[in-house]
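> Contents are compact mmCIF, C-alpha atoms; file name input_8.txt:
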# COMPACT_ATOMS: atom_id res chain seq x y z
CA MET K 1 -21.12 -8.31 -24.47
CA GLU K 2 -22.77 -9.43 -21.27
CA THR K 3 -26.33 -8.40 -20.51
CA ALA K 4 -27.06 -6.33 -17.40
CA GLU K 5 -28.93 -9.25 -15.85
CA LYS K 6 -26.02 -11.63 -16.43
CA THR K 7 -23.60 -9.10 -14.95
CA LEU K 8 -25.82 -8.73 -11.90
CA ASP K 9 -26.09 -12.49 -11.49
CA GLU K 10 -22.32 -12.90 -11.71
CA ILE K 11 -21.77 -10.16 -9.10
CA LEU K 12 -24.13 -11.86 -6.67
CA THR K 13 -22.48 -15.25 -7.20
CA LEU K 14 -19.01 -13.79 -6.86
CA ALA K 15 -19.83 -11.79 -3.72
CA ALA K 16 -21.52 -14.77 -2.09
CA ALA K 17 -18.55 -17.02 -2.77
CA HIS K 18 -15.91 -14.50 -1.70
CA PHE K 19 -17.59 -13.47 1.54
CA LYS K 20 -18.99 -16.93 2.22
CA VAL K 21 -22.67 -16.07 2.44
CA PRO K 22 -25.45 -18.14 0.83
CA ARG K 23 -26.10 -16.95 -2.73
CA ALA K 24 -29.85 -17.26 -2.13
CA SER K 25 -29.65 -14.77 0.75
CA LEU K 26 -28.54 -11.95 -1.57
CA SER K 27 -31.00 -9.88 -3.57
CA PRO K 28 -30.22 -7.29 -6.28
CA ASP K 29 -31.58 -4.22 -4.50
CA GLU K 30 -30.12 -5.02 -1.13
CA ASP K 31 -27.48 -2.87 0.59
CA PHE K 32 -24.38 -4.98 -0.04
CA PHE K 33 -22.48 -3.58 2.96
CA LYS K 34 -25.19 -4.96 5.23
CA ALA K 35 -25.92 -8.12 3.24
CA LEU K 36 -22.28 -9.14 3.14
CA GLY K 37 -21.39 -7.65 6.53
CA ILE K 38 -18.28 -5.99 5.10
CA ASP K 39 -16.15 -3.07 6.24
CA SER K 40 -14.24 -0.55 4.19
CA LEU K 41 -11.18 -2.76 3.69
CA GLN K 42 -13.33 -5.67 2.56
CA THR K 43 -15.14 -3.36 0.15
CA LEU K 44 -11.81 -2.85 -1.58
CA ASP K 45 -11.49 -6.63 -1.81
CA LEU K 46 -14.88 -6.79 -3.50
CA LEU K 47 -13.85 -4.05 -5.92
CA THR K 48 -10.66 -5.91 -6.85
CA LYS K 49 -12.53 -9.18 -7.20
CA LEU K 50 -15.03 -7.56 -9.57
CA GLU K 51 -12.31 -5.88 -11.62
CA ASN K 52 -10.43 -9.15 -11.97
CA HIS K 53 -13.54 -11.10 -12.89
CA PHE K 54 -14.94 -8.67 -15.46
CA ARG K 55 -11.47 -7.49 -16.60
CA VAL K 56 -12.44 -3.84 -16.19
CA GLU K 57 -11.14 -0.85 -14.26
CA LEU K 58 -13.60 0.60 -11.77
CA PRO K 59 -12.38 3.96 -10.46
CA ASP K 60 -13.51 3.96 -6.85
CA TYR K 61 -14.87 7.51 -7.06
CA GLU K 62 -17.45 6.26 -9.57
CA LEU K 63 -18.70 3.82 -6.97
CA GLN K 64 -19.03 6.26 -4.09
CA GLY K 65 -22.59 6.23 -2.86
CA VAL K 66 -23.33 2.93 -4.61
CA THR K 67 -24.76 0.56 -2.03
CA ASP K 68 -26.87 -1.98 -3.90
CA PHE K 69 -25.90 -4.78 -6.28
CA ARG K 70 -28.12 -3.60 -9.14
CA THR K 71 -26.53 -0.13 -9.34
CA LEU K 72 -23.11 -1.73 -9.00
CA ALA K 73 -23.95 -3.99 -11.97
CA ALA K 74 -25.06 -0.97 -14.01
CA LYS K 75 -21.74 0.77 -13.26
CA ILE K 76 -19.78 -2.29 -14.35
CA GLN K 77 -21.94 -2.64 -17.45
CA THR K 78 -20.76 0.78 -18.66
CA ARG K 79 -17.19 -0.50 -18.64
CA LEU K 80 -17.76 -3.79 -20.50
CA MET T 1 17.09 -11.64 20.53
CA GLY T 2 19.88 -9.76 18.83
CA VAL T 3 20.35 -7.82 15.66
CA LYS T 4 19.78 -10.85 13.43
CA GLN T 5 16.36 -11.57 14.77
CA PHE T 6 13.77 -9.27 16.25
CA LYS T 7 10.15 -9.65 17.26
CA GLY T 8 8.49 -6.29 17.82
CA GLN T 9 4.92 -5.11 18.26
CA ALA T 10 4.64 -3.79 14.72
CA VAL T 11 7.46 -5.42 12.78
CA SER T 12 9.73 -8.44 13.07
CA TRP T 13 12.71 -9.69 11.12
CA GLN T 14 14.91 -12.70 10.71
CA VAL T 15 17.58 -13.92 8.32
CA GLN T 16 17.33 -17.31 6.70
CA GLY T 17 19.38 -18.69 3.83
CA GLY T 18 20.83 -15.29 2.98
CA VAL T 19 17.40 -13.63 2.88
CA ILE T 20 16.22 -11.05 5.39
CA GLU T 21 12.49 -11.24 5.93
CA LEU T 22 10.89 -8.12 7.36
CA ALA T 23 7.33 -8.84 8.48
CA LEU T 24 4.71 -6.16 9.23
CA HIS T 25 2.10 -7.27 11.75
CA ARG T 26 0.22 -4.43 13.36
CA ASP T 27 -3.59 -4.50 13.20
CA PRO T 28 -5.72 -3.35 11.54
CA CYS T 29 -3.53 -2.86 8.45
CA ASN T 30 0.03 -1.98 9.51
CA GLU T 31 -0.65 1.74 9.87
CA LEU T 32 2.68 3.52 10.17
CA GLY T 33 2.84 5.54 13.37
CA SER T 34 5.44 6.26 16.03
CA LEU T 35 5.66 2.64 17.21
CA SER T 36 6.19 1.23 13.70
CA LEU T 37 8.66 3.98 12.94
CA SER T 38 10.82 3.31 15.98
CA GLU T 39 10.91 -0.42 15.17
CA LEU T 40 11.72 0.33 11.52
CA GLU T 41 14.55 2.61 12.70
CA ARG T 42 15.84 -0.31 14.70
CA PHE T 43 15.67 -2.42 11.55
CA ALA T 44 17.53 0.22 9.52
CA SER T 45 20.29 0.26 12.17
CA ALA T 46 20.45 -3.53 12.15
CA LEU T 47 20.88 -3.60 8.37
CA ASP T 48 24.63 -2.91 8.65
CA GLU T 49 25.02 -6.30 10.34
CA LEU T 50 22.24 -8.13 8.48
CA GLU T 51 23.70 -7.23 5.09
CA LYS T 52 26.88 -9.11 5.87
CA GLU T 53 25.13 -12.44 5.57
CA ALA T 54 22.30 -11.66 3.16
CA HIS T 55 21.81 -11.00 -0.53
CA ALA T 56 18.09 -10.18 -0.47
CA LEU T 57 15.40 -8.57 1.63
CA ILE T 58 11.71 -9.41 1.48
CA VAL T 59 9.17 -7.04 3.03
CA PHE T 60 5.74 -8.55 3.58
CA SER T 61 2.66 -8.34 5.79
CA GLU T 62 1.26 -10.96 8.13
CA VAL T 63 -1.99 -9.01 8.43
CA LYS T 64 -4.86 -10.44 6.39
CA SER T 65 -6.32 -7.13 5.19
CA GLY T 66 -3.24 -6.05 3.32
CA PHE T 67 0.35 -4.96 3.06
CA CYS T 68 -0.03 -1.55 4.70
CA ALA T 69 -2.73 1.13 4.77
CA GLY T 70 -0.17 3.94 5.11
CA ALA T 71 0.44 6.53 7.80
CA ASP T 72 -1.44 6.23 11.06
CA LEU T 73 -3.81 9.13 10.43
CA ARG T 74 -5.57 8.70 13.75
CA GLU T 75 -2.30 9.15 15.64
CA LEU T 76 -1.29 12.03 13.38
CA TYR T 77 -4.59 13.81 14.03
CA GLU T 78 -4.61 13.19 17.78
CA GLN T 79 -1.01 14.32 18.21
CA SER T 80 -1.49 17.43 16.12
CA GLN T 81 -4.59 18.31 18.15
CA ALA T 82 -2.68 17.97 21.42
CA MET T 83 0.04 20.41 20.34
CA GLU T 84 0.43 24.05 19.46
CA LYS T 85 0.37 24.65 15.70
CA LEU T 86 4.11 25.33 15.46
CA GLN T 87 4.99 22.36 17.64
CA ALA T 88 2.72 20.09 15.55
CA ALA T 89 4.41 21.27 12.36
CA ARG T 90 7.83 20.51 13.86
CA GLY T 91 6.59 17.09 14.97
CA VAL T 92 5.41 16.25 11.46
CA ARG T 93 8.70 17.35 9.90
CA ASP T 94 10.64 15.31 12.45
CA PHE T 95 8.50 12.22 11.71
CA LEU T 96 9.01 12.66 7.95
CA GLU T 97 12.77 13.16 8.32
CA ARG T 98 12.99 9.98 10.37
CA ILE T 99 10.90 7.84 8.04
CA HIS T 100 12.78 9.17 5.00
CA ARG T 101 16.06 8.11 6.63
CA VAL T 102 14.71 4.60 7.12
CA LEU T 103 13.27 4.33 3.61
CA ASN T 104 16.35 5.80 1.95
CA ARG T 105 18.47 3.28 3.83
CA ILE T 106 16.34 0.37 2.57
CA ASP T 107 16.20 1.89 -0.94
CA ALA T 108 20.00 2.04 -1.15
CA ALA T 109 20.69 -1.25 0.63
CA PRO T 110 23.26 -3.44 -1.16
CA LEU T 111 20.65 -6.17 -1.37
CA THR T 112 17.99 -7.04 -3.89
CA THR T 113 14.82 -5.94 -2.13
CA ILE T 114 11.37 -7.36 -2.80
CA ALA T 115 7.99 -6.13 -1.57
CA ALA T 116 5.57 -9.07 -1.44
CA VAL T 117 2.21 -7.31 -1.30
CA HIS T 118 -1.44 -8.28 -0.96
CA GLY T 119 -4.65 -6.40 -0.26
CA VAL T 120 -4.47 -2.76 0.76
CA THR T 121 -1.21 -1.12 -0.29
CA PHE T 122 -2.13 2.52 0.21
CA GLY T 123 -0.32 5.78 0.84
CA GLY T 124 2.72 5.17 3.03
CA GLY T 125 2.30 1.43 2.43
CA PHE T 126 2.56 2.00 -1.31
CA GLU T 127 5.59 4.19 -0.63
CA LEU T 128 7.22 1.41 1.38
CA ALA T 129 6.68 -0.98 -1.54
CA LEU T 130 8.14 1.60 -3.96
CA VAL T 131 11.37 1.63 -1.97
CA CYS T 132 11.94 -2.00 -2.96
CA ASP T 133 13.61 -3.11 -6.18
CA LEU T 134 10.77 -5.47 -7.12
CA ILE T 135 7.09 -5.62 -6.26
CA ILE T 136 5.50 -9.05 -6.32
CA ALA T 137 1.75 -8.70 -5.98
CA ASP T 138 -1.02 -11.05 -4.99
CA LYS T 139 -3.81 -10.63 -7.56
CA MET T 140 -5.96 -9.11 -4.77
CA ALA T 141 -3.44 -6.32 -4.07
CA ARG T 142 -4.74 -2.78 -4.42
CA PHE T 143 -2.61 0.36 -4.64
CA CYS T 144 -3.54 3.98 -4.04
CA PHE T 145 -2.23 7.43 -3.21
CA PRO T 146 -5.26 8.91 -1.45
CA GLU T 147 -3.41 11.85 0.12
CA LEU T 148 -4.99 14.58 -1.98
CA ARG T 149 -8.35 14.01 -0.32
CA LEU T 150 -6.71 15.19 2.89
CA GLY T 151 -5.21 18.21 1.20
CA LEU T 152 -1.77 16.63 1.24
CA ILE T 153 0.69 14.97 -1.08
CA PRO T 154 2.33 11.62 -0.31
CA GLY T 155 5.01 12.32 2.28
CA PHE T 156 7.13 9.16 2.51
CA GLY T 157 8.90 9.60 -0.83
CA GLY T 158 6.06 8.44 -3.06
CA ILE T 159 6.17 10.99 -5.85
CA PRO T 160 9.95 11.01 -6.44
CA ARG T 161 10.04 7.22 -6.41
CA LEU T 162 7.03 6.89 -8.72
CA LYS T 163 8.69 9.40 -11.05
CA ARG T 164 11.83 7.30 -10.95
CA ASP T 165 9.92 4.21 -12.04
CA LEU T 166 7.07 5.42 -14.26
CA GLY T 167 6.15 7.95 -16.93
CA ASN T 168 4.99 11.35 -15.73
CA ALA T 169 1.49 10.95 -17.22
CA VAL T 170 0.91 7.81 -15.16
CA VAL T 171 2.21 9.51 -12.03
CA ARG T 172 -0.19 12.41 -12.60
CA ASP T 173 -3.10 10.02 -13.08
CA LEU T 174 -2.42 8.10 -9.87
CA LEU T 175 -1.67 11.20 -7.83
CA LEU T 176 -4.23 13.70 -9.09
CA THR T 177 -7.21 11.32 -9.27
CA GLY T 178 -6.26 9.48 -6.09
CA ARG T 179 -7.96 6.41 -7.53
CA SER T 180 -7.03 2.97 -6.37
CA PHE T 181 -5.93 0.32 -8.87
CA ASN T 182 -5.34 -3.39 -8.89
CA ALA T 183 -2.25 -5.54 -9.49
CA THR T 184 -3.07 -6.07 -13.18
CA LYS T 185 -3.05 -2.33 -13.74
CA GLY T 186 0.11 -2.14 -11.64
CA GLN T 187 1.80 -4.59 -13.96
CA GLN T 188 0.49 -2.83 -17.08
CA ILE T 189 2.07 0.44 -16.03
CA GLY T 190 5.36 -1.23 -15.16
CA LEU T 191 5.20 -1.12 -11.41
CA VAL T 192 4.49 -4.72 -10.52
CA SER T 193 7.08 -7.31 -11.44
CA GLN T 194 4.98 -10.46 -10.97
CA ILE T 195 1.33 -11.15 -10.23
CA VAL T 196 0.60 -14.34 -8.31
CA GLY T 197 -2.47 -16.11 -6.95
CA GLU T 198 -4.09 -15.22 -3.65
CA GLY T 199 -1.79 -15.90 -0.71
CA GLU T 200 1.21 -16.69 -2.96
CA ALA T 201 3.19 -13.42 -2.87
CA LEU T 202 5.58 -14.42 -0.10
CA ARG T 203 6.26 -17.81 -1.66
CA ALA T 204 7.00 -16.18 -5.02
CA ALA T 205 9.23 -13.59 -3.33
CA ARG T 206 11.19 -16.36 -1.59
CA ALA T 207 11.64 -18.19 -4.92
CA THR T 208 12.85 -14.96 -6.54
CA ALA T 209 15.23 -14.26 -3.65
CA ALA T 210 16.64 -17.79 -3.95
CA GLN T 211 17.28 -17.24 -7.67
CA ILE T 212 18.99 -13.91 -6.97
CA GLY T 213 21.22 -15.72 -4.46
CA LYS T 214 22.83 -17.62 -7.34
CA PHE T 215 24.29 -14.42 -8.79
CA ASP T 216 27.58 -12.80 -7.87
CA ARG T 217 26.72 -10.38 -5.08
CA GLU T 218 29.20 -7.69 -6.09
CA THR T 219 27.74 -7.61 -9.61
CA ALA T 220 24.18 -7.40 -8.34
CA VAL T 221 25.13 -4.51 -6.04
CA ALA T 222 26.94 -2.67 -8.86
CA ALA T 223 23.95 -3.15 -11.19
CA LYS T 224 21.53 -1.83 -8.60
CA ARG T 225 23.68 1.20 -7.81
CA PHE T 226 23.93 1.96 -11.54
CA ILE T 227 20.24 1.66 -12.33
CA LYS T 228 18.50 2.87 -9.17
CA PRO T 229 19.63 6.31 -8.06
CA ILE T 230 18.08 7.78 -4.92
CA PRO T 231 16.27 11.01 -5.91
CA ILE T 232 17.62 12.87 -2.87
CA GLU T 233 16.82 16.44 -3.97
CA GLU T 234 13.25 15.62 -4.87
CA LEU T 235 12.78 13.71 -1.62
CA ARG T 236 13.93 16.79 0.31
CA LYS T 237 11.57 18.95 -1.72
CA GLU T 238 8.71 16.58 -1.00
CA ILE T 239 9.18 17.00 2.76
CA ASP T 240 9.10 20.80 2.36
CA ILE T 241 5.91 20.74 0.27
CA PHE T 242 4.22 18.30 2.63
CA CYS T 243 5.04 20.45 5.67
CA GLU T 244 3.85 23.61 3.90
CA LEU T 245 0.53 21.95 3.05
CA PHE T 246 0.16 20.34 6.47
CA SER T 247 0.00 23.70 8.25
CA ARG T 248 -3.22 24.70 6.46
CA PRO T 249 -6.59 24.36 8.27
CA ALA T 250 -7.98 22.30 5.37
CA VAL T 251 -5.67 19.45 6.32
CA GLN T 252 -6.82 19.38 9.92
CA ALA T 253 -10.41 19.37 8.66
CA GLY T 254 -9.61 16.49 6.29
CA LEU T 255 -7.93 14.47 9.04
CA LYS T 256 -10.83 15.14 11.42
CA LYS T 257 -13.31 13.99 8.78
CA PHE T 258 -11.33 10.79 8.22
CA VAL T 259 -10.87 9.99 11.91
CA GLU T 260 -14.51 10.66 12.77
CA SER T 261 -15.91 9.06 9.62
CA THR T 262 -18.56 6.39 9.93
CA ASP T 263 -18.61 6.15 6.15
CA ALA T 264 -18.52 2.58 4.94
CA GLN T 265 -15.76 3.52 2.51
CA PRO T 266 -13.31 5.75 4.42
CA TYR T 267 -10.33 4.21 2.63
CA LEU T 268 -11.73 5.31 -0.72
CA PRO T 269 -10.86 8.81 -1.80
What does the file become when written as structure tokens?

Amino acid sequence: METAEKTLDEILTLAAAHFKVPRASLSPDEDFFKALGIDSLQTLDLLTKLENHFRVELPDYELQGVTDFRTLAAKIQTRL
Amino acid sequence: MGVKQFKGQAVSWQVQGGVIELALHRDPCNELGSLSLSELERFASALDELEKEAHALIVFSEVKSGFCAGADLRELYEQSQAMEKLQAARGVRDFLERIHRVLNRIDAAPLTTIAAVHGVTFGGGFELALVCDLIIADKMARFCFPELRLGLIPGFGGIPRLKRDLGNAVVRDLLLTGRSFNATKGQQIGLVSQIVGEGEALRAARATAAQIGKFDRETAVAAKRFIKPIPIEELRKEIDIFCELFSRPAVQAGLKKFVESTDAQPYLP
């Protein structure tokens, strides 16, 4: 089982690569909508990317209101 | 341009090597409104001719964000606001009757039909994919029936066609939770025929259509007719339920909330 820190690190790396932003510019407690500059359709892309990477299902209603990478990692962690 | 080739504002089609390719290309994500519908009606009329020289149909999107985000809710809201309640209800029924005619025509076409999907495949977009015999999905495809958040049910034939293809428990899950799901889940539940890498859905659909072209056409048509009945009665019932629900104030409130939303996740139920 992955640790929460490893999950968080993988999310940041994945998001940076997918949305082509420098990995170093992303921090765990940052608002990922702003940090990645993504709209609602791109958010769905991120969700799919994360599900494919971690091989989990993330019902979108569980992620409503989640805006920072750390909370997102905690949500994913509960499904691993 | 004639029947065999068409370049519209929302959709285009052409026939090549016995395969009809219907492309969706209206920004932001192929929302289905009156313009798309009238061009799709034109396509449905052209099918009589197109079918004479084709064995397969591929439906795909040229828009980066996805296959289709469903009905044009902005247009639906604006038009319903500009009309009297009774007139708006009639307008919605008329729109549904028209789109059902188009989708039923594609559903029953004597062709093997393939939806090559990627990205957002929501609501009416999901329903368009469900009309096809096969769904080939990019691994970034995402499906959803978000209608319940608006106080509605899917109106373009979604429930009867899902019921045709899947177990009732799965249909209830997708419909009643309104949650979106990815291509892997789609394949697990028996909806997605093939999952391919990013940007590969159209290529895979073309390869599949070429393979299908090797088979005797009459046999393929007979097999399809045998195995894929059109659930006409349930489709009629769906229109009635949708129209009943649409007349309630809660729906107008839901549409208003969606149209005016500045939420970062308006596509999520």
> What are the residues of chain T that have an atom within 12 Å of an atom of chain K, counting all atoms listed in the file, as JSON, numbers by chain?
{"T": [28, 29, 64, 65, 66, 67, 68, 69, 118, 119, 120, 121, 122, 138, 139, 140, 141, 142, 143, 144, 146, 149, 173, 174, 177, 178, 179, 180, 181, 182, 183, 184, 185, 186, 197, 198, 261, 262, 263, 264, 265, 266, 267, 268, 269]}
> Select, from T:Leu86, T:Ile232, T:Leu57, T:Leu152, the residue with the minimum atom-to-atom distance to Gly17 (chain T), counting all atoms listed in the file.
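Distance minimum relative to Gly17 (chain T) lands on T:Leu57.
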> Excluding Asp31 (chain K) and any residue of its chain fewer than 6 positions from it, enumerate the residues within 9 Å of it, using all atoms listed in the file, and give them as a list in words.
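Here the qualifying residues turn out to be Val66, Thr67, Asp68 and Phe69 of chain K.
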> In terms of the shortest atom-to-atom distance over all atoms listed in the file, which of T:Ala205, T:Val251, T:Leu96, T:Ala89 is closest to Arg236 (chain T)?
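The closest residue to Arg236 (chain T) is T:Leu96.
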> Quick one: everything within 10 Å of Glu5 (chain K), counting only C-alpha atoms, minus sequence neighbours fewer than 5 positions away in the same chain. Send it as a ChimeraX atom specification.
/K:10-11,28,70,73-74,77
> Using Å and a single decimal, report how far CA of Glu78 (chain T) sits from CA of Ile106 (chain T).
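It comes out at 28.9 Å.
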> Between T:Leu22, T:Ala10, T:Leu162, T:Leu111, which is the closest to Glu53 (chain T) once you count all atoms listed in the file?
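Closest candidate: T:Leu111.
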> Pick out the closest residue to Phe95 (chain T) from this set: T:Val171, T:Leu235, T:Leu32, T:Ile135. Count only C-alpha atoms.
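When distances to Phe95 (chain T) are compared using only C-alpha atoms, the smallest one comes from T:Leu32.
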> How would you write as a ChimeraX atom specification the residues that get within 12 Å of (10.8, 6.9, -4.5) in the file's frame, counting all atoms listed in the file?
/T:100,103-108,124,126-133,154-166,171,191,228-236,238
> So that I can see what lies close to Val11 (chain T), please list as a PyMOL selection string the residues with an atom at most 8 Å from it, counting all atoms listed in the file and leaving out residues fewer than 6 positions away in the same chain.
chain T and resi 22-26+36+39-40
> In Å, rounded to a single decimal, give me how far CA of Lys224 (chain T) is from CA of Phe145 (chain T).
26.1 Å
> Separation of CA of Lys257 (chain T) and CA of Arg74 (chain T), in Å?
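Result for CA of Lys257 (chain T) versus CA of Arg74 (chain T): 10.6 Å, one decimal.
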> Using all atoms listed in the file, which of T:Pro249, T:Glu260, T:Ala204, T:Gln187 sits nearest Ser80 (chain T)?
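Between T:Pro249, T:Glu260, T:Ala204, T:Gln187, the residue approaching Ser80 (chain T) most closely is T:Pro249.
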> Using only C-alpha atoms, which of the listed residues (T:Arg98, T:Lys214, T:Lys256, T:Arg42) sits closest to Gln5 (chain T)?
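For Gln5 (chain T), the nearest of the given residues is T:Arg42.
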